[in-house]
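Asker: So here's query17.cif (mmCIF, C-alpha atoms).
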```
data_model
#
loop_
_atom_site.label_atom_id
_atom_site.label_comp_id
_atom_site.auth_asym_id
_atom_site.auth_seq_id
_atom_site.Cartn_x
_atom_site.Cartn_y
_atom_site.Cartn_z
CA MET G 1 86.27 99.68 111.37
CA SER G 2 87.16 103.06 112.82
CA ILE G 3 89.56 104.21 115.52
CA GLY G 4 88.73 107.59 117.02
CA LYS G 5 86.22 109.35 119.24
CA GLU G 6 84.68 112.78 119.23
CA ASP G 7 85.06 113.17 122.97
CA SER G 8 86.85 111.01 125.51
CA ASP G 9 88.41 111.22 128.96
CA SER G 10 91.40 109.39 127.43
CA THR G 11 93.57 110.85 124.68
CA ASP G 12 94.20 107.35 123.32
CA TYR G 13 91.32 107.70 120.85
CA LEU G 14 91.66 111.44 120.14
CA PHE G 15 93.58 112.68 117.07
CA SER G 16 94.38 115.94 115.34
CA GLY G 17 96.31 114.28 112.54
CA ILE G 18 98.08 111.09 111.48
CA ARG G 19 101.19 111.03 109.26
CA SER G 20 101.68 107.27 108.98
CA ILE G 21 99.71 104.03 109.34
CA SER G 22 101.20 100.56 109.25
CA THR G 23 100.50 97.06 110.58
CA THR G 24 102.46 94.29 112.26
CA GLU G 25 102.43 90.61 111.29
CA ASN G 26 99.79 89.85 113.93
CA GLY G 27 97.51 92.55 112.49
CA ASN G 28 98.05 95.25 115.11
CA ILE G 29 97.64 98.76 113.70
CA ILE G 30 100.41 101.32 114.23
CA LEU G 31 99.59 105.04 114.00
CA SER G 32 101.75 108.14 114.37
CA SER G 33 99.73 110.84 116.10
CA THR G 34 100.56 114.49 115.41
CA SER G 35 98.66 115.74 118.47
CA ASP G 36 100.99 114.38 121.16
CA LYS G 37 103.83 113.16 118.88
CA THR G 38 103.37 109.56 119.99
CA ILE G 39 103.18 106.26 118.17
CA ARG G 40 100.07 104.33 119.17
CA ILE G 41 99.31 100.66 118.74
CA TYR G 42 95.82 99.21 118.40
CA SER G 43 94.49 95.68 118.03
CA PRO G 44 93.04 94.53 114.67
CA GLU G 45 89.64 95.36 116.17
CA GLY G 46 90.71 98.93 116.94
CA ASN G 47 91.23 98.61 120.70
CA PHE G 48 94.05 100.66 122.22
CA ILE G 49 97.05 98.60 123.40
CA LYS G 50 99.85 101.05 124.17
CA LYS G 51 101.72 104.15 123.05
CA PHE G 52 105.28 105.38 123.24
CA GLY G 53 107.32 108.44 122.32
CA GLY G 54 106.24 112.02 122.84
CA ARG G 55 107.19 115.55 121.85
CA GLY G 56 110.89 116.23 122.28
CA ARG G 57 114.42 115.81 120.99
CA GLY G 58 115.58 113.15 123.43
CA PRO G 59 116.03 109.43 122.74
CA GLY G 60 112.74 107.95 121.57
CA ASP G 61 111.06 111.38 121.23
CA PHE G 62 109.59 112.83 118.03
CA LEU G 63 108.80 116.14 116.39
CA GLU G 64 107.24 115.07 113.07
CA VAL G 65 106.98 111.38 112.18
CA THR G 66 106.43 110.86 108.45
CA SER G 67 107.20 107.15 108.13
CA ILE G 68 106.93 103.95 110.15
CA ASP G 69 108.49 100.84 108.62
CA VAL G 70 108.07 97.38 110.17
CA ASP G 71 110.90 95.01 109.26
CA THR G 72 110.64 91.23 108.90
CA GLU G 73 111.47 90.71 112.59
CA GLY G 74 108.81 93.12 113.81
CA ASN G 75 111.19 95.96 114.66
CA LEU G 76 110.00 99.51 114.01
CA ILE G 77 111.99 102.02 111.97
CA VAL G 78 110.62 105.54 112.53
CA LEU G 79 111.58 108.58 110.48
CA ASP G 80 111.31 112.07 112.03
CA ARG G 81 111.71 114.64 109.28
CA PHE G 82 112.04 117.68 111.55
CA GLN G 83 115.09 116.13 113.21
CA ASN G 84 116.50 114.33 110.13
CA ARG G 85 116.50 111.37 112.47
CA ILE G 86 115.69 107.68 112.15
CA SER G 87 114.87 105.87 115.41
CA PHE G 88 114.82 102.12 115.92
CA PHE G 89 112.54 100.19 118.27
CA ASP G 90 112.55 96.45 118.95
CA SER G 91 109.54 94.19 118.47
CA ASN G 92 108.31 95.15 121.96
CA GLU G 93 108.40 98.84 120.96
CA GLY G 94 111.43 99.46 123.18
CA PHE G 95 113.80 102.17 121.95
CA THR G 96 117.22 100.84 120.91
CA HIS G 97 119.05 103.65 119.08
CA SER G 98 118.73 106.50 116.59
CA ILE G 99 120.74 107.87 113.67
CA VAL G 100 120.84 111.45 112.38
CA LEU G 101 121.12 111.72 108.60
CA LYS G 102 123.44 114.35 107.17
CA LEU G 103 120.89 116.19 105.07
CA GLU G 104 120.37 119.87 104.34
CA ALA G 105 116.62 119.95 103.68
CA LEU G 106 113.47 118.94 105.55
CA GLY G 107 112.40 116.79 102.63
CA LEU G 108 112.47 113.38 104.29
CA THR G 109 109.43 111.38 103.23
CA LYS G 110 109.90 107.66 103.86
CA VAL G 111 112.42 105.06 104.94
CA PHE G 112 112.25 101.39 103.89
CA ASP G 113 114.47 98.50 104.89
CA ASP G 114 115.83 96.08 102.30
CA PRO G 115 115.85 92.75 104.18
CA LYS G 116 117.99 90.90 101.63
CA SER G 117 120.86 93.39 101.68
CA ASP G 118 120.51 94.71 105.26
CA GLU G 119 120.44 98.21 103.78
CA PHE G 120 117.92 101.05 103.74
CA ILE G 121 116.21 103.16 101.09
CA VAL G 122 115.43 106.74 102.12
CA VAL G 123 113.00 108.82 100.04
CA SER G 124 114.05 112.48 100.15
CA ARG G 125 115.15 115.54 98.17
CA ASP G 126 118.26 117.13 99.63
CA PHE G 127 117.96 120.13 97.31
CA LEU G 128 119.77 122.59 99.63
CA ASN G 129 122.88 120.47 99.29
CA PRO G 130 125.04 121.83 96.44
CA ASP G 131 125.86 118.23 95.47
CA ASP G 132 122.18 117.30 95.07
CA LYS G 133 121.49 116.11 91.54
CA GLY G 134 117.75 115.57 91.89
CA ASN G 135 117.75 111.93 93.01
CA LEU G 136 114.79 110.86 95.13
CA LEU G 137 115.82 107.39 96.33
CA HIS G 138 118.99 107.06 98.42
CA ARG G 139 120.43 103.72 99.52
CA TYR G 140 122.41 103.59 102.78
CA ASN G 141 124.36 100.82 104.42
CA SER G 142 123.09 99.22 107.64
CA ASN G 143 124.46 101.90 109.99
CA PHE G 144 123.74 104.84 107.64
CA GLU G 145 127.40 105.85 107.63
CA ASN G 146 127.76 105.58 103.86
CA LYS G 147 125.45 106.27 100.97
CA VAL G 148 125.91 103.38 98.54
CA GLY G 149 123.56 104.44 95.75
CA GLU G 150 121.21 107.13 94.39
CA TYR G 151 118.31 106.51 92.02
CA LEU G 152 115.22 108.05 90.44
CA ASN G 153 116.31 111.47 89.24
CA VAL G 154 113.17 113.58 89.39
CA PHE G 155 114.19 115.57 86.30
CA ASN G 156 114.22 112.42 84.20
CA TYR G 157 110.69 111.45 85.14
CA PHE G 158 108.59 114.18 86.79
CA PHE G 159 110.00 117.66 86.08
CA ASP G 160 111.56 119.64 83.24
CA LYS G 161 114.94 120.98 84.38
CA SER G 162 114.84 123.71 81.70
CA SER G 163 111.72 125.23 83.28
CA PRO G 164 112.44 127.53 86.26
CA LEU G 165 108.90 126.93 87.52
CA GLU G 166 109.20 123.14 87.43
CA VAL G 167 112.62 123.28 89.09
CA GLN G 168 111.02 125.23 91.92
CA MET G 169 108.11 122.77 92.06
CA SER G 170 110.58 119.89 92.31
CA GLN G 171 112.02 121.31 95.52
CA LEU G 172 108.77 121.19 97.49
CA PRO G 173 109.04 118.28 99.98
CA ASN G 174 105.77 116.56 99.12
CA TYR G 175 106.87 113.39 97.33
CA LYS G 176 104.84 110.24 97.89
CA ALA G 177 106.15 106.69 98.26
CA SER G 178 104.99 103.25 99.38
CA GLN G 179 106.68 99.88 99.84
CA LEU G 180 104.67 97.38 97.79
CA THR G 181 106.67 94.26 98.64
CA PRO G 182 109.99 93.73 100.48
CA ASN G 183 111.84 94.47 97.22
CA THR G 184 109.63 96.99 95.38
CA ILE G 185 108.91 100.65 96.09
CA ALA G 186 106.46 102.93 94.28
CA ALA G 187 107.22 106.66 94.25
CA THR G 188 105.80 109.75 92.63
CA SER G 189 105.86 113.53 92.76
CA GLY G 190 103.50 115.53 94.92
CA PHE G 191 102.05 116.94 91.70
CA TYR G 192 99.88 114.71 89.54
CA ASP G 193 101.47 114.04 86.17
CA GLY G 194 99.77 110.72 85.36
CA THR G 195 102.75 108.51 86.19
CA ILE G 196 104.36 106.58 89.04
CA PHE G 197 107.80 105.03 89.27
CA VAL G 198 108.25 101.47 90.55
CA PHE G 199 111.74 100.63 91.80
CA ASN G 200 113.16 97.13 92.34
CA THR G 201 115.61 97.16 95.26
CA GLU G 202 117.27 93.91 94.12
CA THR G 203 118.14 95.05 90.60
CA ASN G 204 118.28 98.82 91.38
CA LYS G 205 116.16 99.37 88.27
CA GLY G 206 112.71 100.78 87.80
CA GLN G 207 109.90 101.31 85.35
CA VAL G 208 107.27 103.96 84.79
CA PHE G 209 103.58 103.11 85.13
CA GLY G 210 100.99 105.33 83.50
CA GLU G 211 101.02 107.97 80.80
CA LYS G 212 102.33 111.49 81.33
CA ILE G 213 99.73 114.26 81.01
CA PRO G 214 100.49 117.07 78.51
CA GLU G 215 100.89 119.94 80.99
CA LEU G 216 102.10 119.75 84.58
CA ALA G 217 101.16 123.32 85.54
CA THR G 218 100.02 126.70 84.21
CA GLU G 219 102.00 129.78 85.26
CA TYR G 220 100.31 133.10 86.05
CA ASP G 221 101.55 136.65 86.58
CA SER G 222 102.98 136.64 90.11
CA ASN G 223 102.30 140.38 90.41
CA ASN G 224 98.59 139.57 90.48
CA TRP G 225 98.87 136.76 93.01
CA GLU G 226 96.48 138.40 95.49
CA LYS G 227 93.78 138.71 92.84
CA TYR G 228 93.97 135.02 91.93
CA LEU G 229 94.32 133.70 95.46
CA ASN G 230 91.24 135.66 96.58
CA SER G 231 89.14 134.45 93.65
CA ASP G 232 86.66 131.56 93.82
CA GLU G 233 88.81 129.50 91.49
CA VAL G 234 90.74 126.71 93.22
CA GLY G 235 94.21 125.31 92.78
CA PHE G 236 96.52 128.35 92.79
CA GLN G 237 99.87 128.00 94.52
CA THR G 238 102.90 130.18 95.06
CA ALA G 239 106.57 129.23 95.31
CA SER G 240 109.69 131.32 95.75
CA GLY G 241 113.31 130.46 95.13
CA PRO G 242 116.56 131.64 93.55
CA SER G 243 114.85 131.85 90.16
CA GLY G 244 112.14 134.18 91.40
CA ARG G 245 108.58 134.07 92.67
CA PHE G 246 106.00 131.96 90.88
CA LEU G 247 102.22 131.88 90.87
CA PHE G 248 100.92 128.72 89.24
CA LYS G 249 98.13 126.20 89.12
CA PRO G 250 99.17 122.54 88.83
CA SER G 251 97.02 120.24 86.75
CA GLY G 252 96.54 118.23 89.92
CA SER G 253 98.14 117.06 93.14
CA ASN G 254 98.73 113.58 94.51
CA ILE G 255 97.14 112.72 97.83
CA SER G 256 98.93 109.43 98.45
CA ILE G 257 100.14 106.21 96.86
CA VAL G 258 99.47 102.78 98.38
CA GLY G 259 99.93 99.24 97.17
CA ASN G 260 100.80 95.61 97.82
CA SER G 261 101.99 92.61 95.79
CA GLN G 262 98.91 92.83 93.52
CA PHE G 263 97.90 96.47 93.13
CA ILE G 264 99.13 100.06 93.16
CA VAL G 265 96.57 102.78 93.83
CA LEU G 266 97.37 106.46 93.30
CA PHE G 267 94.92 108.86 94.95
CA PHE G 268 94.96 112.38 93.52
CA TYR G 269 92.82 115.38 92.68
CA THR G 270 92.51 117.71 89.71
CA PHE G 271 90.96 121.15 89.36
CA SER G 272 87.90 122.24 87.39
CA ASP G 273 87.29 125.98 87.86
CA LYS G 274 85.77 126.14 91.34
CA LYS G 275 85.76 122.40 92.01
CA ILE G 276 88.34 119.92 93.27
CA ILE G 277 87.87 116.50 91.66
CA PRO G 278 89.25 113.56 93.70
CA SER G 279 90.20 110.45 91.71
CA ALA G 280 92.16 107.20 91.85
CA ASP G 281 94.30 105.44 89.25
CA ILE G 282 94.51 101.68 89.87
CA TYR G 283 97.31 99.55 88.38
CA SER G 284 98.13 95.87 88.45
CA LYS G 285 101.55 94.76 89.72
CA ASP G 286 102.64 94.53 86.05
CA GLY G 287 101.77 98.15 85.27
CA GLU G 288 98.45 97.62 83.51
CA LYS G 289 96.02 100.41 84.27
CA LEU G 290 92.93 98.62 85.55
CA ALA G 291 90.71 101.61 86.29
CA ASN G 292 90.40 105.35 86.78
CA ILE G 293 87.75 106.14 89.38
CA ILE G 294 86.23 109.57 90.03
CA LEU G 295 85.66 109.80 93.78
CA THR G 296 83.39 112.85 93.86
CA ASP G 297 80.35 110.73 94.72
CA SER G 298 82.22 108.31 96.97
CA PRO G 299 80.65 107.55 100.38
CA LEU G 300 83.96 108.82 101.71
CA ASN G 301 84.08 112.61 101.64
CA PHE G 302 87.56 113.02 100.09
CA ILE G 303 87.24 116.81 99.80
CA HIS G 304 85.70 118.91 102.56
CA ASP G 305 85.61 122.72 102.52
CA LYS G 306 88.08 122.73 99.58
CA ARG G 307 90.59 120.67 101.55
CA VAL G 308 91.64 117.03 101.38
CA SER G 309 89.87 115.26 104.24
CA ILE G 310 90.66 111.60 103.42
CA VAL G 311 94.30 110.46 103.20
CA PRO G 312 94.86 106.76 102.37
CA HIS G 313 98.02 105.42 104.04
CA PHE G 314 98.26 101.67 103.59
CA LEU G 315 96.90 98.72 101.57
CA ASP G 316 97.49 95.32 103.16
CA GLU G 317 97.80 91.97 101.39
CA GLU G 318 94.07 91.28 101.92
CA ASN G 319 93.36 94.55 100.06
CA ASN G 320 92.10 96.31 103.17
CA LEU G 321 92.61 100.07 102.86
CA TYR G 322 93.74 102.08 105.90
CA VAL G 323 92.94 105.81 105.75
CA PHE G 324 92.93 108.85 107.99
CA ASP G 325 89.63 110.72 107.93
CA TYR G 326 89.99 114.33 109.10
CA ASN G 327 86.22 114.84 109.17
CA TYR G 328 84.67 111.54 110.27
CA LYS G 329 80.89 111.87 110.62
CA ASN G 330 81.37 115.55 109.72
CA SER G 331 82.73 116.03 113.20
CA PHE G 332 86.08 114.57 114.32
CA PRO G 333 89.29 112.89 113.07
CA ALA G 334 89.59 109.10 112.98
CA ALA G 335 91.62 106.30 111.44
CA ARG G 336 89.44 103.95 109.38
CA VAL G 337 89.87 100.57 107.70
CA PHE G 338 87.88 99.44 104.67
CA LYS G 339 87.58 96.14 102.86
CA THR G 340 87.91 96.92 99.15
CA ASN G 341 86.65 95.14 96.03
CA LEU G 342 89.96 95.41 94.19
CA ASP G 343 89.94 91.66 93.44
CA GLU G 344 86.96 92.22 91.16
CA LEU G 345 89.11 94.34 88.86
CA LEU G 346 91.46 91.43 88.19
CA GLU G 347 88.54 89.04 87.77
CA SER G 348 86.93 91.34 85.20
CA LYS G 349 90.15 91.32 83.14
CA GLU G 350 90.33 87.53 82.97
#
```
As structure tokens, what does this structure read like?
Answerer:
Amino acid sequence: MSIGKEDSDSTDYLFSGIRSISTTENGNIILSSTSDKTIRIYSPEGNFIKKFGGRGRGPGDFLEVTSIDVDTEGNLIVLDRFQNRISFFDSNEGFTHSIVLKLEALGLTKVFDDPKSDEFIVVSRDFLNPDDKGNLLHRYNSNFENKVGEYLNVFNYFFDKSSPLEVQMSQLPNYKASQLTPNTIAATSGFYDGTIFVFNTETNKGQVFGEKIPELATEYDSNNWEKYLNSDEVGFQTASGPSGRFLFKPSGSNISIVGNSQFIVLFFYTFSDKKIIPSADIYSKDGEKLANIILTDSPLNFIHDKRVSIVPHFLDEENNLYVFDYNYKNSFPAARVFKTNLDELLESKE
């Protein structure tokens, strides 16, 4: 099923980008549209129902939505990273209130509610704050007035703090996270290192899934950055900070992480000279790696014109995968829903 049109008199089916996809208990699909800064709601069949919000800084307005969380009562919790603001909407999508987080960096990625404790987990790196220690998960009380816990130090799992390059890489606000169940969150760096971190919000403990690759990135002479960036080889990036300017090529980058009570799927790509190789690592809920799939020949065109064109956002409990396709039918953007065969992986292991 696809939501989107190439041309329409109504903007309800026109997109330029989508930052978040979620669903409600009755199966309605919630999308955050970057074109008009609205949140749109569609039926399970993809028919437009309503939209709310819009570009602005007023109550219920948005600048850049990066996360929509639906709590157990059907209320929406919307994170706007450009305003460091979390807005709350009731089950009828009516605005109730908003809270501005006291953060120094535009690194907000996700917000998840913890229904058992009436608290919230915010995924962010506040690296401009002198008190930041590299923690990625931050627990707040119900009104966000107090931070009651910090977890998942990125230097213990993803980056080497003794490497100036990796410290600079750690500050880029491209971390990925997904709520698997009401009490488990999967998180990872924006750079592919072969691992993901699964955090239990009840015990405040986590475990690492996967095996770390030998080298996170290769550094190049930054004085020759123009030569490398203008070459046919893909994957070069630059980063600047207090430690200097860096030209590097990561081993790979993560596209997104999705999951449910049964599976965790990490979508990523690696580099091979002039080619970008899209792949997926699939894990069981217990951390067993069930498969590594190369997606180069997938019916979905994950890479188009050396850019990521498919971004998976959500995996529901029926193992339906919700993605945003920037180049649907080689023509226009659309949200799409696919029924997967993930169950066959578990059956093959039995």
Asker: I need the output of the PyMOL selection byres ((chain G and resi 287-297) around 12) for this file as an NGL selection string; which residues are they?
Answerer: :G and (186 or 194-198 or 206-211 or 261-270 or 275-286 or 298-304 or 308 or 310 or 342-350)
Asker: Taking the file as shown, find all residues satisfying the PyMOL selection byres ((chain G and resi 223) around 12) and write them as a PyMOL selection string.
Answerer: chain G and resi 219-222+224-229+238+244-248
Asker: Can I get the selection written as a short mmCIF file (atom, residue, chain, number, x, y, z; two decimals), in the frame of the given file, with C-alpha atoms?
Answerer:
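Generated file (out.cif):
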```cif
data_model
loop_
_atom_site.label_atom_id
_atom_site.label_comp_id
_atom_site.auth_asym_id
_atom_site.auth_seq_id
_atom_site.Cartn_x
_atom_site.Cartn_y
_atom_site.Cartn_z
CA GLU G 219 102.00 129.78 85.26
CA TYR G 220 100.31 133.10 86.05
CA ASP G 221 101.55 136.65 86.58
CA SER G 222 102.98 136.64 90.11
CA ASN G 224 98.59 139.57 90.48
CA TRP G 225 98.87 136.76 93.01
CA GLU G 226 96.48 138.40 95.49
CA LYS G 227 93.78 138.71 92.84
CA TYR G 228 93.97 135.02 91.93
CA LEU G 229 94.32 133.70 95.46
CA THR G 238 102.90 130.18 95.06
CA GLY G 244 112.14 134.18 91.40
CA ARG G 245 108.58 134.07 92.67
CA PHE G 246 106.00 131.96 90.88
CA LEU G 247 102.22 131.88 90.87
CA PHE G 248 100.92 128.72 89.24
#
```
Asker: Would you kindly translate the PyMOL selection byres ((chain G and resi 316) around 10) into the concrete residues it picks from this file, as number ranges by chain?
Answerer: G: 22-23, 27, 180, 258-261, 314-315, 317-322, 339
Asker: Padding 8 Å on each side, edges along x, y and z: where is the centre of the box around the listed atoms of stretch 28-36 of chain G, and how long are its edges in Å to one decimal? Output it as lines of an AutoDock Vina configuration file.
Answerer:
```
center_x = 99.7
center_y = 105.5
center_z = 117.4
size_x = 20.1
size_y = 36.5
size_z = 23.5
```
Asker: When you count only C-alpha atoms, which of these residues is closest to G:Pro250: G:Val311, G:Ile29, G:Ile121, G:Ile213?
Answerer: G:Ile213
Asker: With all atoms listed in the file counted, which protein, DNA or RNA residues have an atom no more than 7 Å from (114.4, 108.7, 117.2) in the file frame? Please answer as a VMD selection string.
Answerer: chain G and resid 59 to 62 78 80 85 to 88 98
Asker: Could you work out how far atom CA of G:Val70 lies from atom CA of G:Glu25, giving the answer in Å with one decimal?
Answerer: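 Between these atoms lies a distance of 8.9 Å.
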Asker: Tell me which of G:Lys116, G:His138, G:Arg19, G:Arg336 sits closest to G:Leu101, counting all atoms listed in the file.
Answerer: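 Of the candidates, the smallest distance to G:Leu101 is held by G:His138.
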Asker: For the atom pair atom CA of G:Lys133 and atom CA of G:Tyr192, what is the interatomic distance in Å to one decimal place?
Answerer: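 Going from atom CA of G:Lys133 over to atom CA of G:Tyr192 covers 21.7 Å.
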Asker: Nearest to G:Arg139: which of G:Glu104, G:Ser124, G:Ala187, G:Glu6 is it, counting all atoms listed in the file?
Answerer: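 Between G:Glu104, G:Ser124, G:Ala187, G:Glu6, the residue approaching G:Arg139 most closely is G:Ser124.
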